[in-house]
$ cat target-v1.tsv   # TSV, C-alpha atoms
chain	number	residue	atom	x	y	z
A	1	GLN	CA	-18.70	63.10	170.60
A	2	VAL	CA	-18.87	59.49	169.50
A	3	GLN	CA	-20.62	58.97	166.18
A	4	LEU	CA	-21.28	56.06	163.85
A	5	VAL	CA	-22.35	56.97	160.32
A	6	GLU	CA	-23.57	54.31	157.92
A	7	SER	CA	-23.53	54.64	154.15
A	8	GLY	CA	-23.89	52.47	151.08
A	9	GLY	CA	-27.54	51.53	151.28
A	10	GLY	CA	-29.90	51.79	148.35
A	11	LEU	CA	-32.21	49.97	145.98
A	12	VAL	CA	-30.97	46.81	144.32
A	13	GLN	CA	-32.54	43.92	142.43
A	14	ALA	CA	-32.64	40.46	143.92
A	15	GLY	CA	-29.33	38.73	143.37
A	16	GLY	CA	-27.42	41.98	143.46
A	17	SER	CA	-24.82	43.28	145.89
A	18	LEU	CA	-24.26	46.25	148.15
A	19	ARG	CA	-21.43	47.25	150.44
A	20	LEU	CA	-22.31	49.08	153.61
A	21	SER	CA	-19.77	51.19	155.45
A	22	CYS	CA	-19.81	52.46	159.00
A	23	ALA	CA	-17.42	55.30	159.75
A	24	ALA	CA	-16.74	55.86	163.42
A	25	SER	CA	-15.55	59.12	164.93
A	26	GLY	CA	-14.99	60.64	168.31
A	27	ARG	CA	-12.75	57.87	169.58
A	28	THR	CA	-10.64	54.99	168.33
A	29	PHE	CA	-12.75	51.86	167.91
A	30	SER	CA	-9.86	49.47	167.31
A	31	ASN	CA	-10.46	47.80	170.70
A	32	ASP	CA	-14.24	47.64	170.40
A	33	ALA	CA	-16.53	44.93	169.16
A	34	MET	CA	-18.58	46.10	166.18
A	35	GLY	CA	-21.79	44.79	164.73
A	36	TRP	CA	-24.50	45.17	162.13
A	37	PHE	CA	-28.20	44.84	162.86
A	38	ARG	CA	-31.28	45.38	160.74
A	39	GLN	CA	-34.90	46.28	161.28
A	40	ALA	CA	-37.72	45.71	158.84
A	41	PRO	CA	-41.08	47.52	159.18
A	42	GLY	CA	-43.17	46.02	161.97
A	43	ARG	CA	-40.34	43.81	163.20
A	44	GLU	CA	-37.82	43.98	165.99
A	45	ARG	CA	-34.22	44.89	165.35
A	46	GLU	CA	-32.26	41.73	164.63
A	47	PHE	CA	-28.65	40.69	164.59
A	48	VAL	CA	-26.92	40.41	161.23
A	49	SER	CA	-23.18	40.17	161.87
A	50	ALA	CA	-20.44	41.06	164.33
A	51	ILE	CA	-16.66	41.23	164.36
A	52	GLY	CA	-14.32	41.15	167.31
A	53	TRP	CA	-11.77	43.89	167.80
A	54	SER	CA	-8.94	41.49	167.02
A	55	ARG	CA	-10.54	40.98	163.58
A	56	THR	CA	-9.97	37.23	163.89
A	57	SER	CA	-13.54	36.34	164.79
A	58	THR	CA	-16.81	37.00	163.05
A	59	ALA	CA	-20.40	35.93	163.59
A	60	TYR	CA	-23.38	35.85	161.27
A	61	ALA	CA	-27.09	35.28	161.51
A	62	GLU	CA	-28.10	32.03	159.86
A	63	SER	CA	-30.16	33.93	157.31
A	64	VAL	CA	-27.10	35.73	155.89
A	65	LYS	CA	-24.34	33.14	156.27
A	66	GLY	CA	-22.50	32.56	153.03
A	67	ARG	CA	-23.88	35.76	151.50
A	68	PHE	CA	-22.68	38.57	153.80
A	69	THR	CA	-19.14	39.33	154.92
A	70	ILE	CA	-18.16	41.68	157.72
A	71	SER	CA	-14.75	43.29	157.91
A	72	ARG	CA	-13.05	46.21	159.60
A	73	ASP	CA	-10.21	48.57	158.91
A	74	ASN	CA	-9.02	49.80	162.28
A	75	ALA	CA	-6.68	52.32	160.69
A	76	LYS	CA	-9.71	53.96	159.07
A	77	ASN	CA	-12.00	53.41	162.07
A	78	THR	CA	-14.46	51.79	159.65
A	79	VAL	CA	-16.42	48.56	159.54
A	80	TYR	CA	-17.92	47.13	156.36
A	81	LEU	CA	-20.69	44.74	155.44
A	82	GLN	CA	-20.44	43.21	151.98
A	83	MET	CA	-23.84	41.87	151.00
A	84	ASN	CA	-24.09	39.52	148.02
A	85	SER	CA	-26.95	37.49	146.56
A	86	LEU	CA	-29.42	39.87	148.13
A	87	LYS	CA	-33.01	38.72	148.62
A	88	PRO	CA	-36.21	40.73	149.07
A	89	GLU	CA	-36.32	39.55	152.68
A	90	ASP	CA	-33.05	41.42	153.29
A	91	THR	CA	-34.98	44.69	152.90
A	92	ALA	CA	-34.58	46.69	156.11
A	93	VAL	CA	-32.84	49.60	157.73
A	94	TYR	CA	-29.32	48.48	158.57
A	95	TYR	CA	-27.65	49.80	161.70
A	96	CYS	CA	-24.03	49.80	162.74
A	97	ALA	CA	-23.26	49.33	166.42
A	98	ALA	CA	-20.23	49.50	168.69
A	99	ASP	CA	-19.58	48.45	172.24
A	100	THR	CA	-17.04	50.71	173.92
A	101	THR	CA	-17.23	49.25	177.43
A	102	ALA	CA	-14.07	47.16	176.97
A	103	ARG	CA	-15.81	44.04	178.31
A	104	TRP	CA	-15.13	41.84	175.32
A	105	LYS	CA	-12.04	39.87	174.50
A	106	GLY	CA	-10.68	40.28	170.98
A	107	TRP	CA	-12.31	37.14	169.65
A	108	GLU	CA	-15.75	37.74	171.16
A	109	THR	CA	-18.60	38.80	168.89
A	110	PRO	CA	-21.65	40.08	170.76
A	111	THR	CA	-24.94	39.38	169.04
A	112	ARG	CA	-27.58	41.09	171.21
A	113	THR	CA	-28.76	44.67	170.85
A	114	ASN	CA	-28.28	45.32	174.57
A	115	GLU	CA	-24.61	44.38	174.26
A	116	TYR	CA	-23.86	47.52	172.26
A	117	ASN	CA	-23.87	51.06	173.60
A	118	TYR	CA	-23.44	53.14	170.44
A	119	TRP	CA	-25.61	53.05	167.33
A	120	GLY	CA	-25.65	54.74	163.97
A	121	GLN	CA	-28.70	56.34	162.42
A	122	GLY	CA	-29.20	53.52	159.91
A	123	THR	CA	-29.16	53.16	156.16
A	124	GLN	CA	-32.04	51.80	154.08
A	125	VAL	CA	-31.52	48.70	151.97
A	126	THR	CA	-34.33	47.77	149.60
A	127	VAL	CA	-34.18	44.62	147.50
A	128	SER	CA	-36.71	44.33	144.71
A	129	SER	CA	-37.91	41.00	143.36

$ encode --input "target-v1.tsv" --output "structure tokens"
Amino acid sequence: QVQLVESGGGLVQAGGSLRLSCAASGRTFSNDAMGWFRQAPGREREFVSAIGWSRTSTAYAESVKGRFTISRDNAKNTVYLQMNSLKPEDTAVYYCAADTTARWKGWETPTRTNEYNYWGQGTQVTVSS
């Protein structure tokens, strides 16, 4: 059974850092595009970052560019999101996502929720002011 399990969320003060991890199991994700999304209360789930399976391409939402960094370790079947200079508006549940349909080339970085077919359960990130 395919599973994505996020970890690393928590409470942090504005300006602080957190590193989220997403451990994948049930299959090898080395040929799959991976992404991070977030959802704040009362808002729709939004794109945060994505990384192609070749690891050479990444994409970021404008709101996190320069502060967040996505990476992946295919040997560990894990994708990471390093979040620095956190702001209160970054508070949300963060979700890891994978697309296993093999429709993306290695450099492509899907950014829409309907472009992913597997999702984790989410991890809460709360940034206090």

$ residues_around --input "target-v1.tsv" --residues "A:Asp99" --least-positions-apart "3" --cutoff "12 Å" --atoms "all atoms listed in the file" --output "PyMOL selection string"
chain A and resi 2+4+24+27-36+50-53+96+102-105+108-119

$ residues_around --input "target-v1.tsv" --residues "A:Gly15" --least-positions-apart "5" --cutoff "8 Å" --atoms "all atoms listed in the file" --output "MDAnalysis selection string"
chainID A and resid 84:87

$ residues_near_point --input "target-v1.tsv" --point "(-11.2, 36.0, 164.6)" --cutoff "7 Å" --atoms "only C-alpha atoms" --output "list in words"
Gly52, Ser54, Arg55, Thr56, Ser57, Thr58 and Trp107 of chain A

$ closest_residue --input "target-v1.tsv" --among "A:Thr126, A:Ser49, A:Gln39, A:Gln121" --to "A:Ala23" --atoms "only C-alpha atoms"
A:Gln121

$ residues_around --input "target-v1.tsv" --residues "A:Leu18" --least-positions-apart "3" --cutoff "10 Å" --atoms "all atoms listed in the file" --output "list in words"
Gly8, Gly9, Gly10, Leu11, Val12, Ser21, Phe68, Leu81, Gln82, Met83, Asn84, Ser85, Leu86 and Val125 of chain A

$ closest_residue --input "target-v1.tsv" --among "A:Pro88, A:Arg72, A:Cys22, A:Val93" --to "A:Glu44" --atoms "all atoms listed in the file"
A:Val93

$ atom_distance --input "target-v1.tsv" --atom1 "atom CA of A:Ala98" --atom2 "atom CA of A:Val127"
25.8 Å

$ closest_residue --input "target-v1.tsv" --among "A:Gly66, A:Gly106, A:Gly120, A:Gly42" --to "A:Glu6" --atoms "all atoms listed in the file"
A:Gly120

$ atom_distance --input "target-v1.tsv" --atom1 "atom CA of A:Arg38" --atom2 "atom CA of A:Gln1"
23.9 Å

$ closest_residue --input "target-v1.tsv" --among "A:Leu20, A:Val48, A:Ile70, A:Ala59" --to "A:Asp90" --atoms "only C-alpha atoms"
A:Val48

$ closest_residue --input "target-v1.tsv" --among "A:Asn74, A:Thr100, A:Ala92, A:Tyr80" --to "A:Ser7" --atoms "all atoms listed in the file"
A:Tyr80

$ atom_distance --input "target-v1.tsv" --atom1 "atom CA of A:Arg43" --atom2 "atom CA of A:Thr91"
11.6 Å

$ closest_residue --input "target-v1.tsv" --among "A:Asn77, A:Thr101, A:Thr69, A:Gln13" --to "A:Gly26" --atoms "only C-alpha atoms"
A:Asn77

$ decode --input "target-v1.tsv" --residues "stretch 53-107 of chain A" --atoms "C-alpha atoms" --output "compact mmCIF listing (two decimals), in the first residue's frame"
# COMPACT_ATOMS: atom_id res chain seq x y z
CA TRP A 53 12.05 13.20 -10.28
CA SER A 54 15.38 14.05 -11.88
CA ARG A 55 16.00 16.42 -8.93
CA THR A 56 17.27 19.07 -11.34
CA SER A 57 14.13 21.18 -11.33
CA THR A 58 12.20 22.80 -8.53
CA ALA A 59 9.27 25.20 -8.33
CA TYR A 60 8.07 27.48 -5.57
CA ALA A 61 5.08 29.63 -4.82
CA GLU A 62 5.95 33.31 -4.92
CA SER A 63 5.11 33.63 -1.24
CA VAL A 64 7.87 31.21 -0.20
CA LYS A 65 10.59 31.86 -2.78
CA GLY A 66 13.92 32.57 -1.17
CA ARG A 67 12.77 31.16 2.18
CA PHE A 68 11.83 27.52 1.48
CA THR A 69 13.93 24.84 -0.18
CA ILE A 70 12.66 21.50 -1.45
CA SER A 71 14.93 18.51 -1.88
CA ARG A 72 14.68 14.76 -2.22
CA ASP A 73 16.74 11.73 -1.38
CA ASN A 74 15.64 9.01 -3.75
CA ALA A 75 17.72 6.40 -1.95
CA LYS A 76 15.67 7.08 1.18
CA ASN A 77 12.39 7.58 -0.68
CA THR A 78 12.06 10.89 1.16
CA VAL A 79 11.36 14.48 0.19
CA TYR A 80 12.16 17.45 2.41
CA LEU A 81 11.00 21.02 2.79
CA GLN A 82 13.41 23.33 4.60
CA MET A 83 11.49 26.38 5.79
CA ASN A 84 13.45 29.42 6.95
CA SER A 85 12.40 32.93 7.97
CA LEU A 86 8.96 31.64 8.82
CA LYS A 87 6.08 34.11 9.02
CA PRO A 88 2.72 33.86 10.81
CA GLU A 89 1.06 33.62 7.39
CA ASP A 90 2.92 30.34 6.82
CA THR A 91 0.71 28.75 9.49
CA ALA A 92 -1.15 25.84 7.91
CA VAL A 93 -1.33 22.10 7.61
CA TYR A 94 1.39 21.03 5.19
CA TYR A 95 0.77 18.09 2.88
CA CYS A 96 3.18 16.00 0.87
CA ALA A 97 2.01 14.75 -2.51
CA ALA A 98 3.25 12.39 -5.19
CA ASP A 99 2.21 11.70 -8.74
CA THR A 100 2.81 8.08 -9.70
CA THR A 101 1.21 8.14 -13.15
CA ALA A 102 4.56 8.48 -14.95
CA ARG A 103 3.25 11.37 -17.07
CA TRP A 104 5.93 13.86 -16.12
CA LYS A 105 9.38 14.26 -17.54
CA GLY A 106 12.21 14.50 -15.03
CA TRP A 107 12.38 18.27 -15.11
